[in-house]
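Structure file final_5.txt (compact mmCIF, C-alpha atoms) is printed below.
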```
# COMPACT_ATOMS: atom_id res chain seq x y z
CA MET A 197 78.06 -17.30 9.61
CA LYS A 198 75.22 -18.90 11.56
CA ASN A 199 76.02 -22.48 10.51
CA THR A 200 79.76 -21.93 10.87
CA ALA A 201 79.36 -20.64 14.42
CA ILE A 202 77.22 -23.60 15.44
CA ALA A 203 79.56 -26.14 13.84
CA CYS A 204 82.63 -24.57 15.42
CA LEU A 205 80.95 -24.46 18.82
CA ALA A 206 79.81 -28.06 18.48
CA SER A 207 83.38 -29.13 17.92
CA LEU A 208 84.65 -27.12 20.85
CA ILE A 209 82.09 -28.51 23.27
CA SER A 210 82.70 -32.11 22.28
CA CYS A 211 86.49 -31.94 21.89
CA SER A 212 87.69 -29.84 24.81
CA SER A 213 89.97 -31.52 27.32
CA VAL A 214 88.39 -32.24 30.66
CA ALA A 215 90.00 -30.09 33.36
CA ASP A 216 88.37 -27.30 35.35
CA GLU A 217 84.67 -27.33 34.54
CA TYR A 218 82.67 -24.09 34.58
CA LEU A 219 78.89 -24.18 34.83
CA THR A 220 78.03 -21.65 32.13
CA PHE A 221 74.95 -19.45 31.79
CA PHE A 222 74.03 -17.43 28.70
CA MET A 223 72.38 -14.09 29.58
CA ALA A 224 70.86 -12.24 26.61
CA GLY A 225 68.21 -9.77 25.50
CA GLN A 226 67.73 -6.04 25.14
CA SER A 227 68.36 -3.05 27.40
CA ASN A 228 67.06 -4.35 30.72
CA MET A 229 69.37 -7.32 30.29
CA ASP A 230 72.18 -5.03 29.21
CA GLY A 231 71.75 -3.22 32.54
CA TYR A 232 71.06 0.36 33.55
CA GLY A 233 71.95 0.20 37.23
CA TYR A 234 74.54 2.70 38.44
CA VAL A 235 77.73 1.21 39.86
CA SER A 236 77.83 4.13 42.31
CA ASP A 237 74.57 2.81 43.86
CA LEU A 238 75.93 -0.66 44.63
CA PRO A 239 76.30 -1.81 48.24
CA ARG A 240 79.86 -2.58 49.26
CA ASN A 241 79.44 -6.35 49.05
CA LEU A 242 78.68 -6.08 45.31
CA THR A 243 81.54 -3.76 44.39
CA LYS A 244 84.22 -6.42 44.79
CA GLU A 245 85.49 -8.74 42.08
CA GLN A 246 83.77 -12.13 42.20
CA ASP A 247 85.34 -15.54 41.69
CA VAL A 248 83.13 -15.94 38.61
CA MET A 249 84.25 -15.62 34.99
CA ILE A 250 82.36 -13.54 32.42
CA PHE A 251 82.62 -13.23 28.64
CA HIS A 252 80.64 -10.14 27.59
CA GLY A 253 80.25 -9.94 23.82
CA ASN A 254 80.59 -6.47 22.34
CA GLY A 255 77.10 -5.21 21.54
CA VAL A 256 76.44 -3.47 18.22
CA PHE A 257 73.46 -2.85 15.97
CA ASP A 258 72.80 -4.94 12.87
CA ASN A 259 75.52 -5.08 10.19
CA GLN A 260 78.06 -3.18 12.31
CA GLU A 261 81.61 -4.28 13.05
CA ASN A 262 82.99 -6.25 16.04
CA GLY A 263 79.69 -7.67 17.24
CA GLY A 264 80.28 -10.43 19.79
CA VAL A 265 84.02 -9.98 20.28
CA GLY A 266 85.32 -10.02 23.86
CA GLN A 267 87.71 -11.35 26.47
CA TRP A 268 87.14 -13.55 29.50
CA ASP A 269 87.58 -11.72 32.80
CA LYS A 270 86.65 -12.00 36.46
CA LEU A 271 83.16 -10.60 37.09
CA LYS A 272 83.06 -7.12 38.56
CA PRO A 273 80.76 -4.07 38.24
CA GLY A 274 80.75 -2.38 34.85
CA HIS A 275 79.08 -4.94 32.57
CA GLY A 276 76.04 -2.74 31.98
CA THR A 277 75.16 -0.36 29.15
CA GLY A 278 78.24 1.36 27.82
CA PHE A 279 80.48 -1.69 28.19
CA LYS A 280 82.72 -2.18 25.16
CA SER A 281 85.28 -4.71 23.98
CA ASP A 282 87.56 -4.82 20.97
CA GLY A 283 88.35 -8.50 21.48
CA LYS A 284 91.69 -7.67 23.09
CA ALA A 285 90.62 -5.65 26.12
CA ASN A 286 87.35 -4.94 27.92
CA ALA A 287 86.27 -1.40 28.81
CA LEU A 288 83.95 -1.43 31.80
CA SER A 289 81.17 1.14 32.08
CA GLU A 290 79.60 2.95 35.03
CA ARG A 291 76.52 0.70 34.83
CA PHE A 292 75.64 -2.87 35.81
CA GLY A 293 72.94 -5.43 35.15
CA ALA A 294 71.48 -8.58 36.66
CA GLU A 295 74.75 -10.51 36.27
CA LEU A 296 76.21 -9.41 39.63
CA THR A 297 73.55 -10.81 41.93
CA PHE A 298 72.68 -13.65 39.55
CA ALA A 299 76.26 -14.89 39.83
CA LYS A 300 76.25 -14.65 43.63
CA ALA A 301 72.96 -16.51 43.93
CA ILE A 302 73.96 -19.22 41.44
CA GLN A 303 77.25 -19.70 43.29
CA GLN A 304 75.21 -20.38 46.43
CA GLN A 305 73.13 -22.94 44.52
CA TYR A 306 76.33 -24.67 43.35
CA PRO A 307 78.81 -23.89 46.15
CA ASN A 308 81.47 -26.37 45.07
CA LYS A 309 81.38 -25.53 41.36
CA LYS A 310 83.05 -22.93 39.18
CA ILE A 311 80.63 -20.49 37.51
CA ALA A 312 80.88 -18.64 34.20
CA ILE A 313 78.56 -16.19 32.43
CA ILE A 314 78.36 -15.43 28.72
CA LYS A 315 76.48 -12.20 28.06
CA TYR A 316 75.20 -10.47 24.95
CA ALA A 317 72.52 -7.78 25.07
CA VAL A 318 71.71 -4.70 23.02
CA GLY A 319 69.04 -2.14 23.85
CA GLY A 320 66.06 -1.50 21.61
CA THR A 321 66.28 -4.81 19.76
CA GLY A 322 63.25 -6.89 18.75
CA LEU A 323 62.62 -10.46 17.69
CA ALA A 324 60.63 -9.54 14.61
CA LEU A 325 62.07 -7.99 11.44
CA ASN A 326 61.83 -4.19 11.27
CA THR A 327 61.29 -3.99 15.02
CA GLY A 328 63.31 -1.67 17.20
CA TYR A 329 66.79 -0.48 16.28
CA SER A 330 67.93 -3.99 15.31
CA ASN A 331 66.50 -7.51 15.36
CA TRP A 332 67.17 -11.10 16.40
CA TYR A 333 65.34 -12.71 13.46
CA PRO A 334 67.45 -15.75 12.43
CA ASN A 335 66.75 -15.43 8.67
CA PHE A 336 67.71 -11.76 8.47
CA ASN A 337 69.48 -11.06 5.17
CA GLU A 338 69.57 -7.29 4.73
CA GLY A 339 72.92 -5.65 4.05
CA LYS A 340 75.68 -7.94 5.26
CA GLY A 341 73.05 -10.22 6.77
CA LEU A 342 74.49 -9.84 10.27
CA ASN A 343 72.09 -9.17 13.12
CA GLN A 344 71.67 -9.79 16.83
CA TYR A 345 71.25 -13.54 16.37
CA ASP A 346 74.55 -13.70 14.47
CA PHE A 347 76.32 -11.59 17.09
CA ALA A 348 74.91 -13.73 19.90
CA LEU A 349 76.26 -16.85 18.18
CA GLU A 350 79.57 -15.07 17.65
CA THR A 351 79.66 -14.23 21.35
CA ILE A 352 79.08 -17.87 22.30
CA ASN A 353 81.54 -19.12 19.72
CA ASN A 354 84.23 -16.66 20.82
CA ALA A 355 83.69 -17.55 24.47
CA TYR A 356 84.12 -21.26 23.76
CA SER A 357 87.18 -20.67 21.60
CA PHE A 358 89.33 -19.99 24.69
CA ILE A 359 91.02 -23.12 26.01
CA ASP A 360 92.08 -21.49 29.29
CA ILE A 361 89.46 -18.94 30.35
CA ASP A 362 90.86 -18.16 33.80
CA GLY A 363 94.51 -17.81 32.81
CA ASP A 364 95.89 -20.44 35.18
CA GLY A 365 97.70 -22.31 32.42
CA GLU A 366 95.30 -25.28 32.48
CA PRO A 367 92.52 -26.07 30.00
CA ASP A 368 88.94 -25.40 31.07
CA THR A 369 85.61 -26.76 29.89
CA LEU A 370 82.33 -24.85 29.78
CA LYS A 371 79.20 -26.82 30.64
CA PRO A 372 76.03 -25.15 29.27
CA MET A 373 73.56 -24.71 32.12
CA GLY A 374 70.86 -22.33 30.95
CA VAL A 375 69.61 -19.36 28.94
CA ILE A 376 68.43 -16.28 30.84
CA TRP A 377 66.36 -14.05 28.54
CA MET A 378 65.08 -10.50 29.17
CA GLN A 379 63.53 -8.98 26.06
CA GLY A 380 60.22 -8.08 24.44
CA GLU A 381 59.74 -4.37 25.00
CA ALA A 382 60.57 -3.55 21.36
CA ASP A 383 58.05 -6.10 20.04
CA ALA A 384 55.37 -4.85 22.45
CA HIS A 385 56.02 -1.29 21.30
CA ALA A 386 56.46 -1.62 17.54
CA SER A 387 53.24 -3.09 16.17
CA GLU A 388 50.41 -5.56 16.55
CA ALA A 389 52.15 -7.77 13.99
CA SER A 390 55.43 -7.96 15.94
CA ALA A 391 53.58 -8.75 19.16
CA ASN A 392 51.47 -11.43 17.46
CA ALA A 393 54.62 -13.05 16.06
CA TYR A 394 56.40 -13.08 19.41
CA LEU A 395 55.49 -16.63 20.44
CA ASN A 396 56.78 -18.20 17.23
CA ASN A 397 59.87 -16.00 17.20
CA LEU A 398 60.69 -16.68 20.85
CA THR A 399 60.19 -20.43 20.48
CA SER A 400 62.41 -20.54 17.40
CA LEU A 401 65.17 -18.47 18.97
CA MET A 402 65.33 -20.47 22.21
CA GLU A 403 65.50 -23.73 20.27
CA LEU A 404 68.31 -22.32 18.16
CA PHE A 405 70.23 -21.30 21.27
CA ARG A 406 69.78 -24.80 22.66
CA ALA A 407 71.04 -26.23 19.38
CA ALA A 408 74.05 -23.93 19.40
CA LEU A 409 74.86 -25.04 22.93
CA ARG A 410 74.13 -28.68 22.02
CA THR A 411 71.78 -29.22 24.96
CA ASP A 412 68.18 -30.01 24.00
CA ASP A 413 66.86 -29.83 27.56
CA LEU A 414 68.75 -26.67 28.49
CA PRO A 415 66.71 -24.70 31.06
CA VAL A 416 65.39 -21.34 29.88
CA VAL A 417 64.21 -18.47 32.05
CA ILE A 418 62.02 -15.81 30.42
CA GLY A 419 61.91 -12.44 32.18
CA LYS A 420 58.51 -10.75 32.15
CA ILE A 421 58.61 -7.31 30.58
CA THR A 422 56.73 -4.46 32.25
CA ASP A 423 55.31 -1.09 31.24
CA SER A 424 56.23 1.89 33.39
CA GLU A 425 53.16 3.81 32.15
CA MET A 426 55.28 6.93 32.59
CA GLY A 427 54.52 9.96 30.46
CA GLU A 428 51.70 10.67 28.06
CA GLU A 429 52.62 8.13 25.38
CA ASP A 430 51.50 4.49 25.62
CA ILE A 431 54.94 3.06 24.99
CA MET A 432 53.91 -0.62 24.89
CA SER A 433 50.46 -0.81 23.37
CA TYR A 434 50.75 -4.55 22.72
CA ILE A 435 52.36 -5.69 25.94
CA GLU A 436 49.49 -8.01 26.87
CA ARG A 437 50.04 -9.97 23.65
CA VAL A 438 53.74 -10.36 24.45
CA HIS A 439 52.91 -11.39 28.03
CA LEU A 440 50.58 -14.07 26.68
CA ALA A 441 53.25 -15.28 24.27
CA GLN A 442 55.82 -15.51 27.06
CA GLN A 443 53.40 -17.44 29.26
CA LEU A 444 52.43 -19.83 26.45
CA PHE A 445 56.06 -20.53 25.69
CA VAL A 446 56.80 -21.41 29.32
CA GLU A 447 53.66 -23.54 29.62
CA SER A 448 54.57 -25.52 26.50
CA ASP A 449 58.22 -26.02 27.39
CA ASN A 450 59.09 -28.51 30.11
CA CYS A 451 62.41 -26.81 30.82
CA ALA A 452 61.31 -23.17 30.93
CA THR A 453 60.09 -20.87 33.70
CA TYR A 454 58.67 -17.36 33.84
CA MET A 455 60.40 -14.80 36.02
CA SER A 456 57.47 -12.49 36.77
CA ASN A 457 58.72 -10.72 39.89
CA SER A 458 59.61 -7.84 37.56
CA ASP A 459 56.08 -6.61 38.32
CA THR A 460 57.52 -5.28 41.58
CA TYR A 461 60.45 -3.38 40.02
CA SER A 462 60.63 0.40 39.96
CA TYR A 463 61.72 2.69 37.15
CA GLY A 464 64.46 5.29 37.15
CA ASP A 465 64.61 8.56 35.24
CA ASP A 466 63.21 7.21 31.96
CA PRO A 467 60.14 5.09 31.11
CA TRP A 468 62.09 2.07 29.84
CA HIS A 469 64.72 1.13 32.42
CA TYR A 470 64.68 -0.06 36.01
CA THR A 471 66.40 1.44 39.04
CA SER A 472 69.68 0.17 40.46
CA GLU A 473 67.80 -1.52 43.30
CA SER A 474 65.62 -3.35 40.78
CA PHE A 475 68.61 -4.67 38.83
CA ILE A 476 70.06 -5.96 42.10
CA GLN A 477 66.80 -7.80 42.75
CA MET A 478 66.52 -9.00 39.15
CA GLY A 479 69.66 -11.11 39.41
CA LYS A 480 68.34 -12.84 42.51
CA ASP A 481 64.97 -13.44 40.87
CA PHE A 482 66.56 -14.91 37.75
CA ALA A 483 68.62 -17.30 39.88
CA SER A 484 65.53 -18.40 41.78
CA ALA A 485 63.59 -18.92 38.54
CA TYR A 486 66.51 -20.85 37.09
CA LYS A 487 66.45 -23.27 40.00
CA GLN A 488 62.76 -23.88 39.32
CA ALA A 489 63.43 -24.48 35.62
CA ALA A 490 66.24 -26.93 36.32
CA GLU A 491 64.11 -28.85 38.82
CA LYS A 492 61.11 -28.78 36.47
CA CYS A 493 62.92 -30.81 33.81
CA GLY A 494 65.34 -32.70 36.03
CA PHE A 495 68.38 -30.85 34.72
CA GLY A 496 71.28 -31.22 37.12
CA VAL A 497 75.00 -31.42 37.66
CA GLU A 498 76.76 -34.75 37.97
```
Go ahead and render the structure in this file as structure tokens.
Amino acid sequence: MKNTAIACLASLISCSSVADEYLTFFMAGQSNMDGYGYVSDLPRNLTKEQDVMIFHGNGVFDNQENGGVGQWDKLKPGHGTGFKSDGKANALSERFGAELTFAKAIQQQYPNKKIAIIKYAVGGTGLALNTGYSNWYPNFNEGKGLNQYDFALETINNAYSFIDIDGDGEPDTLKPMGVIWMQGEADAHASEASANAYLNNLTSLMELFRAALRTDDLPVVIGKITDSEMGEEDIMSYIERVHLAQQLFVESDNCATYMSNSDTYSYGDDPWHYTSESFIQMGKDFASAYKQAAEKCGFGVE
């Protein structure tokens, strides 16, 4: 499945007709990328439909059905945890994530361009095998051998399979612009081994995403994970090791930046997920960090 998805996507990127071009951002990770903000908390200016397209791949645990299926739609609130798609219709939830304010900020960075987001995120998922509820390890072969990496590729492949994403009757092209990644809590929680393996696993996964999107210098933004330190249990005993891995990855990659403003975010009614206000800020911070990454490696738009 992995090789098939990459080959199919490669063909689609290189063979699509040139018409409306959408600058396309892949947003992925675990629950704080999925989004736990409440739509009811949004200010009025964020409740309206945006002139931005989104393909949100259906999120499932390893070896389950319909992972990565979806439909293109205009971006609006409801693409947080609880969102579902059967590949024919999208069912919005009462939650949102960083995509709303990220899209607005990116649109300001590229005011004369069309913007698209591809999103795939599932809570509690780790990079290492046997970490969290499911994993992103590329060589996973248990059961059907389908995990978060496969479903992420399926999401990308499905998104690129649409010739006309906005329904105007004309073909569209998707130009890969960046990977926005928010994940690591599961690896920092599970074990010393999973935290120690994080640098190699993160490096491998980001290179595979770049290969799938056929852009070697694709900018990558890594979101810094944080520990709420709520409750009696130390929920992320190995967070410092994951922080170091994230920093080392960014330092060694000319097209990557570290979004560390998450240190200022507040937590809601559980020790794992941020407040609505923090998810609103997260999108802005990711957009700002993306601009730095693009400038860092000279990645631009013609």
Check your understanding: atom CA of Phe298 of chain A and atom CA of Asn397 of chain A are how many Å apart?
Key -> 25.9 Å
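Candidate residues A:Thr297, A:Gln260, A:Ser227, A:Val265 were compared for distance to Lys244 of chain A, and the nearest is A:Thr297, using all atoms listed in the file.
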**Study point:** Exercise: segment 330-341 of chain A partners within 12 Å, only C-alpha atoms, chain neighbours under 3 positions left out, as number ranges by chain
**Key:** A: 197-199, 224-226, 255-261, 316-327, 344-349, 379-380, 382-383, 386, 390, 393-394, 396-405
**Study point:** Polymer residues at most 6 Å from segment 442-454 of chain A, all atoms listed in the file, same-chain spacing of 6 or more positions, as a count of residues only
**Key:** 6
**Study point:** Nearest to Met249 of chain A, chosen from A:His469, A:His439, A:Lys300, A:Arg406, with all atoms listed in the file counted in the distances
**Key:**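 Selected residue with least distance to Met249 of chain A: A:Lys300.
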Point to revise | Atomic separation - atom CA of Ser289 of chain A relative to atom CA of His385 of chain A, Å | key: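 Distance between the two atoms: 27.5 Å.
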Review point. Which residues come within 9 Å of Asn392 of chain A, counting only C-alpha atoms, excluding same-chain residues fewer than 4 positions away, as a list in words?
Key: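 Result of the neighbour search: Asp383, Ser387, Glu388, Asn396, Tyr434, Arg437, Val438 and Ala441 of chain A.
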**Study point:** Best match for closeness to Lys309 of chain A among A:Leu219, A:Ala285, A:Ile359, A:Ala389, counting all atoms listed in the file
**Key:**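 Checking each candidate against Lys309 of chain A, we get A:Leu219 as the closest.
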**Study point:** Non-local contacts of Tyr306 of chain A (12 Å; all atoms listed in the file; under 5 positions in same chain excluded) as a PyMOL selection string
**Key:** chain A and resi 218-220+299-301+311-312+373+483+487+496-498
If you keep C-alpha atoms, can you produce a file of those selected residues as a compact mmCIF listing (two decimals), in the coordinates of the input?
```txt
# COMPACT_ATOMS: atom_id res chain seq x y z
CA TYR A 218 82.67 -24.09 34.58
CA LEU A 219 78.89 -24.18 34.83
CA THR A 220 78.03 -21.65 32.13
CA ALA A 299 76.26 -14.89 39.83
CA LYS A 300 76.25 -14.65 43.63
CA ALA A 301 72.96 -16.51 43.93
CA ILE A 311 80.63 -20.49 37.51
CA ALA A 312 80.88 -18.64 34.20
CA MET A 373 73.56 -24.71 32.12
CA ALA A 483 68.62 -17.30 39.88
CA LYS A 487 66.45 -23.27 40.00
CA GLY A 496 71.28 -31.22 37.12
CA VAL A 497 75.00 -31.42 37.66
CA GLU A 498 76.76 -34.75 37.97
```
Point to revise | Contact residues around Asp216 of chain A with all atoms listed in the file at 8 Å, ignoring same-chain residues under 2 positions, as a PyMOL selection string | key: chain A and resi 214+218+310+366-369
Exercise for review: Enumerate, as JSON, numbers by chain, the protein, DNA and RNA residues whose atoms approach (61.5, 3.8, 30.5) to within 12 Å, taking into account only C-alpha atoms and the coordinate frame of the file.
Suggested key: {"A": [227, 228, 232, 319, 320, 381, 382, 385, 421, 422, 423, 424, 425, 426, 427, 429, 430, 431, 432, 461, 462, 463, 464, 465, 466, 467, 468, 469, 470, 471]}
Review point. Could you work out how far atom CA of Asp362 of chain A lies from atom CA of Asn286 of chain A, giving the answer in Å with one decimal?
Key: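 Value for the atom CA of Asn286 of chain A-atom CA of Asp362 of chain A distance: 14.9 Å.
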Point to revise | Answer as a PyMOL selection string, residues within 7 Å of (69.9, -15.0, 27.8) using only C-alpha atoms | key: chain A and resi 222-225+375-378
Revision key, fill the gap. The residue from A:Asp237, A:Glu436, A:Glu473, A:Glu491 with the smallest atom-to-atom distance to Ala384 of chain A, counting all atoms listed in the file, is A:Glu436
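Closest approach to Lys371 of chain A among A:Ala287, A:Leu414, A:Val248, A:Leu296 is made by A:Leu414 (distances from all atoms listed in the file).
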Can you take the partial segment 251-274 of chain A, add N, CA, C and O atoms, and return it as a PDB file, in the frame of the given file?
```pdb
ATOM      1  N   PHE A 251      82.277 -13.624  30.001  1.00  0.00           N
ATOM      2  CA  PHE A 251      82.620 -13.230  28.640  1.00  0.00           C
ATOM      3  C   PHE A 251      81.456 -12.377  28.150  1.00  0.00           C
ATOM      4  O   PHE A 251      80.354 -12.882  27.940  1.00  0.00           O
ATOM      5  N   HIS A 252      81.685 -11.076  27.991  1.00  0.00           N
ATOM      6  CA  HIS A 252      80.640 -10.140  27.590  1.00  0.00           C
ATOM      7  C   HIS A 252      80.902  -9.740  26.142  1.00  0.00           C
ATOM      8  O   HIS A 252      81.847  -9.018  25.847  1.00  0.00           O
ATOM      9  N   GLY A 253      80.072 -10.250  25.232  1.00  0.00           N
ATOM     10  CA  GLY A 253      80.250  -9.940  23.820  1.00  0.00           C
ATOM     11  C   GLY A 253      79.947  -8.481  23.516  1.00  0.00           C
ATOM     12  O   GLY A 253      78.963  -7.919  24.005  1.00  0.00           O
ATOM     13  N   ASN A 254      80.786  -7.864  22.714  1.00  0.00           N
ATOM     14  CA  ASN A 254      80.590  -6.470  22.340  1.00  0.00           C
ATOM     15  C   ASN A 254      79.266  -6.303  21.607  1.00  0.00           C
ATOM     16  O   ASN A 254      78.992  -6.985  20.621  1.00  0.00           O
ATOM     17  N   GLY A 255      78.422  -5.405  22.116  1.00  0.00           N
ATOM     18  CA  GLY A 255      77.100  -5.210  21.540  1.00  0.00           C
ATOM     19  C   GLY A 255      77.066  -4.121  20.493  1.00  0.00           C
ATOM     20  O   GLY A 255      77.503  -2.998  20.746  1.00  0.00           O
ATOM     21  N   VAL A 256      76.565  -4.446  19.312  1.00  0.00           N
ATOM     22  CA  VAL A 256      76.440  -3.470  18.220  1.00  0.00           C
ATOM     23  C   VAL A 256      75.101  -3.697  17.521  1.00  0.00           C
ATOM     24  O   VAL A 256      74.484  -4.757  17.647  1.00  0.00           O
ATOM     25  N   PHE A 257      74.671  -2.696  16.763  1.00  0.00           N
ATOM     26  CA  PHE A 257      73.460  -2.850  15.970  1.00  0.00           C
ATOM     27  C   PHE A 257      73.750  -3.688  14.723  1.00  0.00           C
ATOM     28  O   PHE A 257      74.910  -3.958  14.381  1.00  0.00           O
ATOM     29  N   ASP A 258      72.688  -4.058  14.030  1.00  0.00           N
ATOM     30  CA  ASP A 258      72.800  -4.940  12.870  1.00  0.00           C
ATOM     31  C   ASP A 258      73.802  -4.410  11.842  1.00  0.00           C
ATOM     32  O   ASP A 258      73.863  -3.202  11.565  1.00  0.00           O
ATOM     33  N   ASN A 259      74.574  -5.347  11.280  1.00  0.00           N
ATOM     34  CA  ASN A 259      75.520  -5.080  10.190  1.00  0.00           C
ATOM     35  C   ASN A 259      76.693  -4.188  10.586  1.00  0.00           C
ATOM     36  O   ASN A 259      77.436  -3.722   9.707  1.00  0.00           O
ATOM     37  N   GLN A 260      76.897  -3.950  11.874  1.00  0.00           N
ATOM     38  CA  GLN A 260      78.060  -3.180  12.310  1.00  0.00           C
ATOM     39  C   GLN A 260      79.229  -4.113  12.610  1.00  0.00           C
ATOM     40  O   GLN A 260      79.082  -5.331  12.648  1.00  0.00           O
ATOM     41  N   GLU A 261      80.390  -3.516  12.847  1.00  0.00           N
ATOM     42  CA  GLU A 261      81.610  -4.280  13.050  1.00  0.00           C
ATOM     43  C   GLU A 261      81.791  -4.695  14.510  1.00  0.00           C
ATOM     44  O   GLU A 261      81.290  -4.040  15.424  1.00  0.00           O
ATOM     45  N   ASN A 262      82.533  -5.795  14.717  1.00  0.00           N
ATOM     46  CA  ASN A 262      82.990  -6.250  16.040  1.00  0.00           C
ATOM     47  C   ASN A 262      81.868  -6.723  16.962  1.00  0.00           C
ATOM     48  O   ASN A 262      82.033  -6.751  18.184  1.00  0.00           O
ATOM     49  N   GLY A 263      80.749  -7.108  16.405  1.00  0.00           N
ATOM     50  CA  GLY A 263      79.690  -7.670  17.240  1.00  0.00           C
ATOM     51  C   GLY A 263      80.095  -9.014  17.821  1.00  0.00           C
ATOM     52  O   GLY A 263      80.500  -9.912  17.086  1.00  0.00           O
ATOM     53  N   GLY A 264      80.005  -9.148  19.140  1.00  0.00           N
ATOM     54  CA  GLY A 264      80.280 -10.430  19.790  1.00  0.00           C
ATOM     55  C   GLY A 264      81.712 -10.685  20.171  1.00  0.00           C
ATOM     56  O   GLY A 264      82.015 -11.732  20.748  1.00  0.00           O
ATOM     57  N   VAL A 265      82.633  -9.761  19.862  1.00  0.00           N
ATOM     58  CA  VAL A 265      84.020  -9.980  20.280  1.00  0.00           C
ATOM     59  C   VAL A 265      84.148  -9.674  21.770  1.00  0.00           C
ATOM     60  O   VAL A 265      83.352  -8.933  22.353  1.00  0.00           O
ATOM     61  N   GLY A 266      85.158 -10.252  22.422  1.00  0.00           N
ATOM     62  CA  GLY A 266      85.320 -10.020  23.860  1.00  0.00           C
ATOM     63  C   GLY A 266      86.507 -10.775  24.418  1.00  0.00           C
ATOM     64  O   GLY A 266      87.259 -11.430  23.688  1.00  0.00           O
ATOM     65  N   GLN A 267      86.653 -10.672  25.722  1.00  0.00           N
ATOM     66  CA  GLN A 267      87.710 -11.350  26.470  1.00  0.00           C
ATOM     67  C   GLN A 267      87.129 -11.866  27.774  1.00  0.00           C
ATOM     68  O   GLN A 267      86.313 -11.190  28.413  1.00  0.00           O
ATOM     69  N   TRP A 268      87.537 -13.057  28.186  1.00  0.00           N
ATOM     70  CA  TRP A 268      87.140 -13.550  29.500  1.00  0.00           C
ATOM     71  C   TRP A 268      87.810 -12.710  30.594  1.00  0.00           C
ATOM     72  O   TRP A 268      88.955 -12.297  30.462  1.00  0.00           O
ATOM     73  N   ASP A 269      87.052 -12.483  31.668  1.00  0.00           N
ATOM     74  CA  ASP A 269      87.580 -11.720  32.800  1.00  0.00           C
ATOM     75  C   ASP A 269      86.819 -12.124  34.051  1.00  0.00           C
ATOM     76  O   ASP A 269      85.738 -12.716  33.976  1.00  0.00           O
ATOM     77  N   LYS A 270      87.374 -11.803  35.204  1.00  0.00           N
ATOM     78  CA  LYS A 270      86.650 -12.000  36.460  1.00  0.00           C
ATOM     79  C   LYS A 270      85.486 -11.005  36.503  1.00  0.00           C
ATOM     80  O   LYS A 270      85.607  -9.850  36.086  1.00  0.00           O
ATOM     81  N   LEU A 271      84.350 -11.445  37.030  1.00  0.00           N
ATOM     82  CA  LEU A 271      83.160 -10.600  37.090  1.00  0.00           C
ATOM     83  C   LEU A 271      83.328  -9.497  38.117  1.00  0.00           C
ATOM     84  O   LEU A 271      83.678  -9.744  39.273  1.00  0.00           O
ATOM     85  N   LYS A 272      83.030  -8.292  37.691  1.00  0.00           N
ATOM     86  CA  LYS A 272      83.060  -7.120  38.560  1.00  0.00           C
ATOM     87  C   LYS A 272      82.040  -6.126  38.032  1.00  0.00           C
ATOM     88  O   LYS A 272      81.529  -6.285  36.908  1.00  0.00           O
ATOM     89  N   PRO A 273      81.700  -5.073  38.760  1.00  0.00           N
ATOM     90  CA  PRO A 273      80.760  -4.070  38.240  1.00  0.00           C
ATOM     91  C   PRO A 273      81.291  -3.422  36.964  1.00  0.00           C
ATOM     92  O   PRO A 273      82.494  -3.260  36.787  1.00  0.00           O
ATOM     93  N   GLY A 274      80.361  -3.052  36.079  1.00  0.00           N
ATOM     94  CA  GLY A 274      80.750  -2.380  34.850  1.00  0.00           C
ATOM     95  C   GLY A 274      80.314  -3.088  33.588  1.00  0.00           C
ATOM     96  O   GLY A 274      80.652  -2.653  32.479  1.00  0.00           O
TER      97      GLY A 274
END
```
